[in-house]
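Novice: Input file: start-v8.txt. Contents: compact mmCIF, C-alpha atoms and all ligand atoms.
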```txt
# COMPACT_ATOMS: atom_id res chain seq x y z
CA MET A 1499 83.73 21.23 -2.59
CA ILE A 1500 85.90 18.12 -2.34
CA VAL A 1501 88.95 18.56 -0.08
CA LEU A 1502 91.83 16.17 0.45
CA GLY A 1503 93.49 16.66 3.85
CA ILE A 1504 96.89 15.45 5.03
CA GLU A 1505 98.02 15.14 8.65
CA SER A 1506 101.52 14.08 9.75
CA SER A 1507 102.32 16.22 12.81
CA CYS A 1508 103.10 13.40 15.23
CA ASP A 1509 102.85 9.63 14.91
CA GLU A 1510 99.82 9.22 12.65
CA THR A 1511 100.07 9.38 8.87
CA ALA A 1512 96.57 10.38 7.86
CA VAL A 1513 94.84 11.24 4.59
CA SER A 1514 91.15 11.98 4.17
CA ILE A 1515 88.67 13.24 1.60
CA VAL A 1516 85.80 15.34 2.96
CA GLU A 1517 82.92 16.95 1.06
CA ASP A 1518 81.74 20.42 2.10
CA GLY A 1519 83.49 20.26 5.45
CA ARG A 1520 81.15 17.77 7.10
CA LYS A 1521 80.81 14.62 4.99
CA VAL A 1522 83.68 12.15 5.19
CA LEU A 1523 84.12 10.29 1.89
CA SER A 1524 87.23 8.42 3.03
CA SER A 1525 89.75 8.40 5.85
CA ILE A 1526 93.01 6.53 6.31
CA ILE A 1527 94.89 6.73 9.61
CA ALA A 1528 98.14 4.78 9.78
CA SER A 1529 99.27 4.83 13.38
CA GLN A 1530 102.91 4.30 14.36
CA ALA A 1531 102.05 3.98 18.06
CA ASP A 1532 103.20 0.36 18.30
CA LEU A 1533 106.64 1.28 16.92
CA HIS A 1534 107.10 4.14 19.39
CA SER A 1535 105.73 2.24 22.37
CA LEU A 1536 108.97 0.22 22.36
CA TYR A 1537 110.71 3.45 23.42
CA GLY A 1538 108.03 4.76 25.79
CA GLY A 1539 107.25 7.79 23.62
CA VAL A 1540 107.45 9.19 20.10
CA VAL A 1541 110.94 9.06 18.56
CA PRO A 1542 111.03 11.96 16.05
CA GLU A 1543 113.46 10.35 13.56
CA ILE A 1544 111.42 7.17 13.42
CA ALA A 1545 108.22 9.21 12.97
CA SER A 1546 109.63 11.13 9.96
CA ARG A 1547 110.89 7.97 8.31
CA GLU A 1548 107.58 6.18 8.80
CA HIS A 1549 105.59 9.11 7.41
CA ALA A 1550 107.77 9.15 4.28
CA LYS A 1551 107.25 5.40 3.86
CA THR A 1552 103.51 5.43 4.51
CA ILE A 1553 102.19 8.58 2.89
CA THR A 1554 101.93 7.29 -0.70
CA PRO A 1555 100.16 4.03 0.23
CA ALA A 1556 97.87 6.06 2.55
CA LEU A 1557 96.99 8.47 -0.29
CA LYS A 1558 96.29 5.59 -2.68
CA ALA A 1559 94.11 3.80 -0.12
CA CYS A 1560 92.25 7.03 0.62
CA LEU A 1561 91.46 7.72 -3.06
CA ASN A 1562 90.46 4.07 -3.49
CA GLN A 1563 88.11 4.17 -0.53
CA ALA A 1564 86.35 7.24 -1.96
CA GLY A 1565 86.36 5.81 -5.51
CA MET A 1566 88.09 8.98 -6.71
CA SER A 1567 91.21 10.11 -8.49
CA LEU A 1568 93.36 13.17 -7.78
CA SER A 1569 91.60 15.09 -10.54
CA ASP A 1570 88.37 14.97 -8.49
CA ILE A 1571 89.96 17.02 -5.68
CA ASP A 1572 89.05 20.75 -5.59
CA ALA A 1573 91.52 21.80 -2.86
CA PHE A 1574 94.22 20.39 -0.62
CA GLY A 1575 94.74 21.07 3.09
CA VAL A 1576 97.74 20.12 5.20
CA THR A 1577 98.74 20.45 8.84
CA TYR A 1578 101.73 22.83 8.84
CA GLY A 1579 102.12 23.02 12.63
CA PRO A 1580 102.48 22.67 15.51
CA GLY A 1581 104.19 19.30 15.75
CA LEU A 1582 107.43 17.44 15.14
CA ILE A 1583 109.32 19.33 12.47
CA GLY A 1584 110.59 16.32 10.52
CA ALA A 1585 107.15 14.72 10.62
CA LEU A 1586 105.40 17.91 9.49
CA ILE A 1587 107.84 18.43 6.60
CA VAL A 1588 106.82 15.09 5.07
CA GLY A 1589 103.13 16.07 4.93
CA VAL A 1590 103.77 19.67 3.86
CA SER A 1591 106.15 18.74 1.03
CA TYR A 1592 103.81 16.02 -0.16
CA ALA A 1593 100.79 18.33 -0.15
CA LYS A 1594 102.71 21.05 -1.99
CA ALA A 1595 103.68 18.55 -4.71
CA LEU A 1596 100.08 17.34 -5.08
CA ALA A 1597 98.61 20.86 -5.26
CA TYR A 1598 101.27 21.96 -7.76
CA ALA A 1599 100.76 18.93 -9.99
CA GLN A 1600 96.97 19.22 -9.87
CA LYS A 1601 96.99 23.04 -10.17
CA LYS A 1602 94.63 23.29 -7.19
CA PRO A 1603 94.80 25.54 -4.11
CA LEU A 1604 96.63 24.40 -0.98
CA TYR A 1605 95.60 25.56 2.51
CA ALA A 1606 97.93 25.59 5.52
CA VAL A 1607 95.96 24.24 8.47
CA HIS A 1608 96.66 24.82 12.17
CA HIS A 1609 96.60 21.41 13.87
CA ILE A 1610 94.87 22.53 17.07
CA ALA A 1611 92.21 24.49 15.17
CA GLY A 1612 91.73 21.35 13.09
CA HIS A 1613 90.89 19.37 16.24
CA VAL A 1614 87.95 21.70 16.92
CA SER A 1615 86.53 20.96 13.44
CA ALA A 1616 86.16 17.27 14.32
CA ASN A 1617 82.96 18.36 16.07
CA LEU A 1618 81.55 19.79 12.83
CA ILE A 1619 81.96 16.40 11.16
CA GLN A 1620 80.38 14.53 14.05
CA HIS A 1621 77.50 16.95 14.60
CA LYS A 1622 76.07 18.09 11.28
CA ASP A 1623 73.86 20.68 12.98
CA LEU A 1624 76.54 22.26 15.20
CA GLU A 1625 77.13 25.90 14.33
CA PRO A 1626 79.18 28.58 16.07
CA PRO A 1627 79.20 30.17 18.51
CA PHE A 1628 80.20 27.36 20.84
CA LEU A 1629 82.83 26.76 23.47
CA CYS A 1630 85.44 24.06 22.88
CA LEU A 1631 87.87 22.43 25.28
CA VAL A 1632 90.85 21.29 23.19
CA ALA A 1633 93.02 18.87 25.14
CA SER A 1634 95.73 16.93 23.36
CA GLY A 1635 99.24 15.64 23.90
CA GLY A 1636 100.77 19.08 23.57
CA HIS A 1637 97.93 21.55 24.20
CA SER A 1638 95.11 22.37 26.59
CA HIS A 1639 92.95 25.31 25.63
CA ILE A 1640 89.46 26.60 26.19
CA VAL A 1641 88.45 28.26 22.95
CA LEU A 1642 85.42 30.35 22.12
CA VAL A 1643 84.56 29.40 18.55
CA GLU A 1644 82.89 32.63 17.40
CA ASP A 1645 82.73 31.58 13.79
CA TYR A 1646 84.09 28.66 11.74
CA THR A 1647 87.47 30.33 11.38
CA SER A 1648 87.36 32.90 14.14
CA TYR A 1649 88.44 31.71 17.57
CA LYS A 1650 89.07 33.47 20.83
CA ILE A 1651 91.42 31.75 23.31
CA ILE A 1652 89.96 31.96 26.79
CA ALA A 1653 92.42 29.77 28.67
CA GLY A 1654 95.55 27.72 28.18
CA THR A 1655 97.96 25.67 30.25
CA ARG A 1656 100.71 27.27 32.31
CA ASP A 1657 102.87 24.14 32.15
CA ASP A 1658 102.05 20.60 31.00
CA ALA A 1659 99.22 19.75 28.62
CA ALA A 1660 96.51 17.38 29.85
CA GLY A 1661 97.65 14.60 27.51
CA GLU A 1662 101.23 15.01 28.70
CA ALA A 1663 100.03 14.66 32.30
CA PHE A 1664 98.42 11.34 31.35
CA ASP A 1665 101.42 10.12 29.33
CA LYS A 1666 104.13 10.94 31.89
CA ILE A 1667 102.46 9.21 34.83
CA ALA A 1668 101.30 6.26 32.71
CA ARG A 1669 104.91 5.64 31.73
CA ARG A 1670 106.03 5.96 35.36
CA ILE A 1671 103.55 3.31 36.56
CA GLY A 1672 104.50 0.92 33.77
CA LEU A 1673 101.43 1.29 31.56
CA GLY A 1674 103.42 2.39 28.51
CA TYR A 1675 102.66 4.73 25.59
CA PRO A 1676 100.27 6.34 24.76
CA GLY A 1677 99.32 6.80 28.39
CA GLY A 1678 95.87 8.39 28.12
CA PRO A 1679 93.98 5.38 26.80
CA LYS A 1680 95.95 3.06 29.12
CA ILE A 1681 95.03 5.08 32.25
CA ASP A 1682 91.44 5.35 30.98
CA LYS A 1683 91.25 1.54 30.79
CA GLU A 1684 93.08 0.93 34.08
CA ALA A 1685 90.72 3.35 35.87
CA ARG A 1686 87.53 1.64 34.77
CA GLY A 1687 85.50 0.40 37.73
CA ALA A 1688 88.09 1.65 40.25
CA ASN A 1689 87.69 4.09 43.14
CA LYS A 1690 88.37 7.62 41.90
CA GLU A 1691 88.17 9.00 45.42
CA ALA A 1692 90.88 6.71 46.81
CA ILE A 1693 93.54 9.45 46.69
CA VAL A 1694 92.71 13.15 46.74
CA PHE A 1695 95.31 14.76 44.49
CA PRO A 1696 95.65 18.56 44.53
CA ARG A 1697 93.66 20.64 42.05
CA SER A 1698 95.66 23.72 41.25
CA LYS A 1699 93.99 27.07 41.76
CA LEU A 1700 95.83 29.80 39.91
CA SER A 1701 95.88 33.34 41.15
CA GLY A 1702 93.02 35.65 40.25
CA ASN A 1703 90.00 34.08 38.62
CA SER A 1704 92.14 32.57 35.89
CA LEU A 1705 90.62 29.77 33.87
CA ASP A 1706 94.10 28.60 32.90
CA PHE A 1707 95.27 25.08 33.67
CA SER A 1708 98.33 23.86 35.52
CA PHE A 1709 99.15 20.18 35.86
CA SER A 1710 102.71 20.27 37.19
CA GLY A 1711 101.68 20.29 40.87
CA LEU A 1712 99.44 17.31 40.30
CA LYS A 1713 102.24 15.47 38.50
CA THR A 1714 104.69 16.15 41.35
CA SER A 1715 102.17 14.97 43.90
CA ALA A 1716 101.54 11.75 41.94
CA LEU A 1717 105.30 11.15 41.58
CA ASN A 1718 105.76 11.64 45.35
CA PHE A 1719 103.04 9.09 46.00
CA ILE A 1720 104.74 6.58 43.69
CA ASN A 1721 108.20 7.21 45.20
CA GLN A 1722 106.93 6.65 48.73
CA LEU A 1723 105.08 3.54 47.66
CA GLU A 1724 108.21 2.16 45.99
CA GLN A 1725 110.26 2.85 49.11
CA GLU A 1726 107.76 0.98 51.21
CA ALA A 1727 107.68 -1.86 48.68
CA ARG A 1728 111.48 -2.17 48.76
CA LYS A 1729 111.37 -2.41 52.56
CA ARG A 1730 108.82 -5.18 52.39
CA GLY A 1731 110.39 -6.88 49.36
CA GLN A 1732 107.11 -6.61 47.49
CA ASP A 1733 105.84 -5.20 44.21
CA PRO A 1734 104.52 -1.63 44.83
CA TRP A 1735 101.22 -2.39 43.16
CA ALA A 1736 100.74 -5.42 45.37
CA ILE A 1737 100.63 -2.95 48.30
CA TYR A 1738 98.38 -0.37 46.66
CA SER A 1739 95.81 -0.78 43.90
CA ARG A 1740 97.19 0.61 40.64
CA LYS A 1741 93.61 0.82 39.39
CA ASP A 1742 92.60 3.12 42.26
CA PHE A 1743 95.73 5.23 41.75
CA ALA A 1744 94.92 5.58 38.01
CA ALA A 1745 91.27 6.44 38.69
CA SER A 1746 92.16 9.08 41.29
CA TYR A 1747 94.82 10.63 39.08
CA GLN A 1748 92.48 10.68 36.08
CA GLU A 1749 89.76 12.26 38.22
CA ALA A 1750 92.10 15.09 39.23
CA ILE A 1751 92.74 15.94 35.55
CA VAL A 1752 89.13 15.47 34.44
CA SER A 1753 87.58 17.53 37.23
CA VAL A 1754 89.81 20.53 36.50
CA LEU A 1755 89.15 20.34 32.73
CA VAL A 1756 85.39 20.15 33.29
CA ASP A 1757 85.22 22.79 36.07
CA HIS A 1758 87.18 25.39 34.12
CA THR A 1759 85.22 24.79 30.91
CA MET A 1760 81.87 25.05 32.72
CA GLU A 1761 83.03 28.25 34.42
CA ALA A 1762 84.09 29.67 31.05
CA ALA A 1763 80.64 28.80 29.64
CA ARG A 1764 79.01 30.70 32.52
CA GLN A 1765 81.29 33.71 32.15
CA TYR A 1766 80.82 33.92 28.38
CA LYS A 1767 77.14 32.88 28.51
CA ILE A 1768 77.56 30.03 26.03
CA ASP A 1769 75.13 27.09 26.01
CA LYS A 1770 76.92 24.80 23.55
CA ILE A 1771 80.01 23.01 24.82
CA ALA A 1772 82.24 20.78 22.69
CA ILE A 1773 85.44 18.88 23.38
CA ALA A 1774 88.29 17.97 21.02
CA GLY A 1775 91.79 16.50 20.89
CA GLY A 1776 93.13 13.13 22.00
CA VAL A 1777 92.14 13.60 25.65
CA ALA A 1778 88.52 14.16 24.53
CA ALA A 1779 88.47 10.40 23.86
CA ASN A 1780 88.64 9.87 27.64
CA SER A 1781 85.55 8.04 28.88
CA SER A 1782 85.48 9.69 32.29
CA LEU A 1783 85.85 13.17 30.77
CA LYS A 1784 82.85 12.50 28.54
CA GLU A 1785 80.72 11.11 31.39
CA THR A 1786 81.58 14.04 33.65
CA PHE A 1787 80.74 16.56 30.93
CA ILE A 1788 77.43 14.82 30.18
CA TRP A 1789 76.51 15.13 33.85
CA ALA A 1790 77.80 18.71 34.29
CA THR A 1791 76.16 20.10 31.13
CA ALA A 1792 72.83 18.39 31.88
CA LYS A 1793 72.83 19.97 35.34
CA GLU A 1794 73.15 23.45 33.82
CA ASN A 1795 70.88 22.86 30.81
CA LYS A 1796 73.69 23.16 28.31
CA THR A 1797 74.17 21.05 25.18
CA PHE A 1798 77.26 18.86 25.05
CA TYR A 1799 78.99 17.81 21.82
CA HIS A 1800 81.76 15.26 21.58
CA PRO A 1801 83.34 13.51 18.61
CA ASP A 1802 83.81 9.73 18.38
CA PRO A 1803 87.26 8.66 19.65
CA VAL A 1804 88.61 8.27 16.09
CA LEU A 1805 87.80 11.95 15.45
CA CYS A 1806 89.36 13.01 18.78
CA THR A 1807 92.84 11.63 18.19
CA ASP A 1808 94.94 12.78 15.23
CA ASN A 1809 93.26 12.30 11.87
CA ALA A 1810 93.06 14.06 8.50
CA MET A 1811 89.24 14.36 8.44
CA MET A 1812 89.46 17.36 10.75
CA ILE A 1813 92.16 18.94 8.55
CA ALA A 1814 90.08 18.53 5.37
CA SER A 1815 87.04 19.89 7.22
CA LEU A 1816 88.76 23.06 8.43
CA THR A 1817 90.26 23.55 4.95
CA TYR A 1818 86.73 23.80 3.55
CA PHE A 1819 85.67 26.35 6.18
CA MET A 1820 88.87 28.38 5.56
CA ALA A 1821 88.09 28.45 1.83
CA GLN A 1822 84.46 29.41 2.54
CA ALA A 1823 85.64 32.25 4.77
CA GLY A 1824 87.75 33.59 1.90
CA MET A 1825 91.07 32.86 3.59
CA GLU A 1826 94.05 32.91 1.23
CA PRO A 1827 95.51 29.62 0.04
CA SER A 1828 99.22 29.34 0.72
CA ASN A 1829 101.89 29.33 -1.94
CA LEU A 1830 104.64 26.83 -2.56
CA ASN A 1831 106.93 28.59 -0.08
CA LEU A 1832 104.84 27.15 2.76
CA ASP A 1833 107.06 25.95 5.60
CA ALA A 1834 106.30 23.53 8.41
CA LYS A 1835 106.30 25.16 11.85
CA ALA A 1836 107.23 23.07 14.88
CA SER A 1837 105.87 25.61 17.31
CA LEU A 1838 102.84 27.48 16.20
CA ASN A 1839 100.78 29.27 18.77
CA LEU A 1840 97.02 29.02 18.49
CA ASN A 1841 97.16 32.83 18.47
CA ALA A 1842 98.34 32.41 14.87
CA PHE A 1843 94.79 31.30 14.12
CA ALA A 1844 92.82 32.94 16.89
CA LYS A 1845 92.50 36.08 18.94
CA ILE A 1846 93.26 36.15 22.65
CA ALA A 1847 90.27 36.97 24.85
O1 LIG B 1901 95.34 14.93 19.64
P1 LIG B 1901 96.30 13.82 19.81
O2 LIG B 1901 96.03 12.52 19.11
O3 LIG B 1901 97.74 14.27 19.38
C1 LIG B 1901 98.23 15.54 19.69
O4 LIG B 1901 97.90 16.48 18.92
O5 LIG B 1901 98.91 15.65 20.71
O6 LIG B 1901 96.43 13.60 21.37
C2 LIG B 1901 97.25 12.63 21.90
C3 LIG B 1901 97.08 12.64 23.40
C4 LIG B 1901 98.06 11.73 24.12
O7 LIG B 1901 98.61 12.43 25.20
C5 LIG B 1901 97.17 10.59 24.58
O8 LIG B 1901 97.63 9.98 25.77
C6 LIG B 1901 95.86 11.31 24.81
O9 LIG B 1901 95.76 12.22 23.75
N1 LIG B 1901 94.71 10.40 24.80
C7 LIG B 1901 93.92 10.18 25.87
C8 LIG B 1901 92.99 9.17 25.50
N2 LIG B 1901 93.23 8.84 24.20
C9 LIG B 1901 94.30 9.60 23.79
N3 LIG B 1901 93.95 10.73 27.10
C10 LIG B 1901 93.04 10.30 27.98
N4 LIG B 1901 92.14 9.33 27.73
C11 LIG B 1901 92.07 8.75 26.50
N5 LIG B 1901 91.16 7.78 26.25
ZN ZN B 1902 96.46 16.38 17.76
```
Kindly present the structure from the file in structure tokens form.
Ligand code: KG4
Ligand code: ZN

Specialist:
Amino acid sequence: MIVLGIESSCDETAVSIVEDGRKVLSSIIASQADLHSLYGGVVPEIASREHAKTITPALKACLNQAGMSLSDIDAFGVTYGPGLIGALIVGVSYAKALAYAQKKPLYAVHHIAGHVSANLIQHKDLEPPFLCLVASGGHSHIVLVEDYTSYKIIAGTRDDAAGEAFDKIARRIGLGYPGGPKIDKEARGANKEAIVFPRSKLSGNSLDFSFSGLKTSALNFINQLEQEARKRGQDPWAIYSRKDFAASYQEAIVSVLVDHTMEAARQYKIDKIAIAGGVAANSSLKETFIWATAKENKTFYHPDPVLCTDNAMMIASLTYFMAQAGMEPSNLNLDAKASLNLNAFAKIA
């Protein structure tokens, strides 16, 4: 089954053709990150306009790369949420028009569930059940993938998402947008134990995440440093190593993500652990998981960075598994949904 997937939920216009859910025949990802970095974050109006401008050239390039025409496509899949509404509408309208013109089914794909499927492309032998940490710009979940289209949510975030925690502090220390990869780079080779930031422990034995306390603590550190710098007439980062700050802050996020996921694996007796979403591209997160899973004899799966951040390969992949599971295609009334809980796709544990 040949699926063409479309993704436009944030600042990447992406189109991909995937065969049988695991074999990528072509993938185009047009990132707008440079445009938005001028403003320190994604500007929704600019994102929508760019998607509208880019989607046709991206589709043409994608078909070209695969050596195919639209008549070769068996089904279409599109991200319908969650994301920026104006950005989503571009992809959804476009996909509806393609499916209608080609008289082929169209599947409405949940963006966060799509992220999980990136692992199925990367690891051809990976089969459910497995546990997946999904950490992106807007979401942090631990998900038990019981079957290809049957998820159980084990934990979520009480406040900020992991990616947001990276982005907000990166902007504050002048690293710009997107913050995750910038902090990742800044932290390389630095001392991650230089500052011990708080790791939030939520009441009960909750596996949920909370990053707001960490963010406040990091902001306090920066404010005090800036005060001191003003007194001395110096640049703050001439007084304290920004690399060590970045490494310590990153470590506080990474250690909580890894600890909670490992604890979930113990509680649910799962030996296969995967990661997904933009934050899964983080080098320290990967290294820490490699070490933690090896220690407990568990198998660790992670997608290449290009499959971690937003792409349409994962959307085309999940479309195939939805079709295989007998899920209903959507009709032409399909609407984009800015907020779409993962519960819409999964059960809650
Ligand atoms: O999945 P994604 O591309 O888009 C959303 O669905 O949100 O995730 C984007 C997020 C951003 O917050 C970005 O800073 C973060 O993923 N990210 C990273 C890295 N690469 C991207 N965070 C930490 N380390 C990275 N290397
Ligand atoms: Zn995403």

Novice: Which of these, A:Lys1521, A:Gln1822, A:Asn1721, A:Gly1612, has the shortest distance to ligand ZN 1902 (chain B) once you count all atoms listed in the file?

Specialist: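 Looking at the shortest contact to ligand ZN 1902 (chain B), the residue is A:Gly1612.
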
Novice: If you count only C-alpha atoms and all ligand atoms, which residues end up within 7 Å of ligand ZN 1902 (chain B), as a ChimeraX atom specification?

Specialist: /A:1609-1610,1613,1634-1635,1775-1776,1807-1808

Novice: I'd like to know which of A:His1621, A:Lys1699, A:His1800, A:Lys1741 is closest to Glu1684 (chain A), using all atoms listed in the file.

Specialist: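 That would be A:Lys1741, the residue with the smallest distance to Glu1684 (chain A).
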
Novice: What residues of the protein or nucleic acid chains come within 9 Å of ligand LIG 1901 (chain B) when you use all atoms listed in the file? Reply as a PyMOL selection string.

Specialist: chain A and resi 1507-1510+1580-1581+1609-1610+1613+1632-1637+1659-1666+1668+1675-1683+1748+1774-1783+1803+1806-1809

Novice: Can you list, as number ranges by chain, every protein, DNA or RNA residue that comes within 12 Å of Ile1737 (chain A) when you count all atoms listed in the file, leaving out same-chain residues fewer than 6 positions away?

Specialist: A: 1720, 1722-1731, 1743

Novice: Would you kindly return, as a list in words, each protein, DNA or RNA residue with an atom no farther than 7 Å from any atom of Pro1603 (chain A), considering all atoms listed in the file and excluding same-chain residues fewer than 2 positions away?

Specialist: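 Surrounding residues, per the criterion: Ala1573, Phe1574, Ala1597, Lys1601, Tyr1605 and Pro1827 of chain A.
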
Novice: Could you list, as a VMD selection string, every residue within 12 Å of Tyr1818 (chain A), counting only C-alpha atoms and ignoring same-chain residues fewer than 5 positions away?

Specialist: chain A and resid 1499 to 1503 1515 to 1521 1571 to 1576 1603 to 1607 1612 1615 1618 to 1619 1646 to 1647 1811 to 1813 1823 to 1827

Novice: Given only C-alpha atoms as the basis, pick out the residue of A:Glu1691, A:Arg1697, A:Leu1673, A:Ala1814 nearest to Gly1539 (chain A).

Specialist: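 Of the candidates, the smallest distance to Gly1539 (chain A) is held by A:Leu1673.
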
Novice: For each of A:Asn1839, A:His1758, A:Ile1504, A:Asn1831, take the minimum atom-to-atom distance to Tyr1598 (chain A), counting all atoms listed in the file, then give the residue where this is smallest.

Specialist: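 Once distances to Tyr1598 (chain A) are computed over all atoms listed in the file, the minimum belongs to A:Asn1831.
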
Novice: Could you check the closest approach to Lys1650 (chain A) for each of A:Ala1762, A:Ala1599, A:Ala1531, A:Ala1834 and tell me which residue wins, using all atoms listed in the file?

Specialist: A:Ala1762

Novice: Can you measure CA of Leu1624 (chain A) to CA of Tyr1799 (chain A) for me? One decimal in Å is fine.

Specialist: 8.3 Å

Novice: What is the CA of Ala1772 (chain A)-CA of Ile1526 (chain A) distance in Å, reported with one decimal?

Specialist: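 Computed distance, CA of Ala1772 (chain A) to CA of Ile1526 (chain A), equals 24.2 Å.
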
Novice: Please list as a list in words every residue within 7 Å of region 1560-1565 of chain A, counting only C-alpha atoms and excluding residues in the same chain fewer than 6 positions away.

Specialist: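 Final neighbour list, sorted by chain and number: Val1513, Ser1514, Leu1523, Ser1524, Ser1525 and Ile1526 of chain A.
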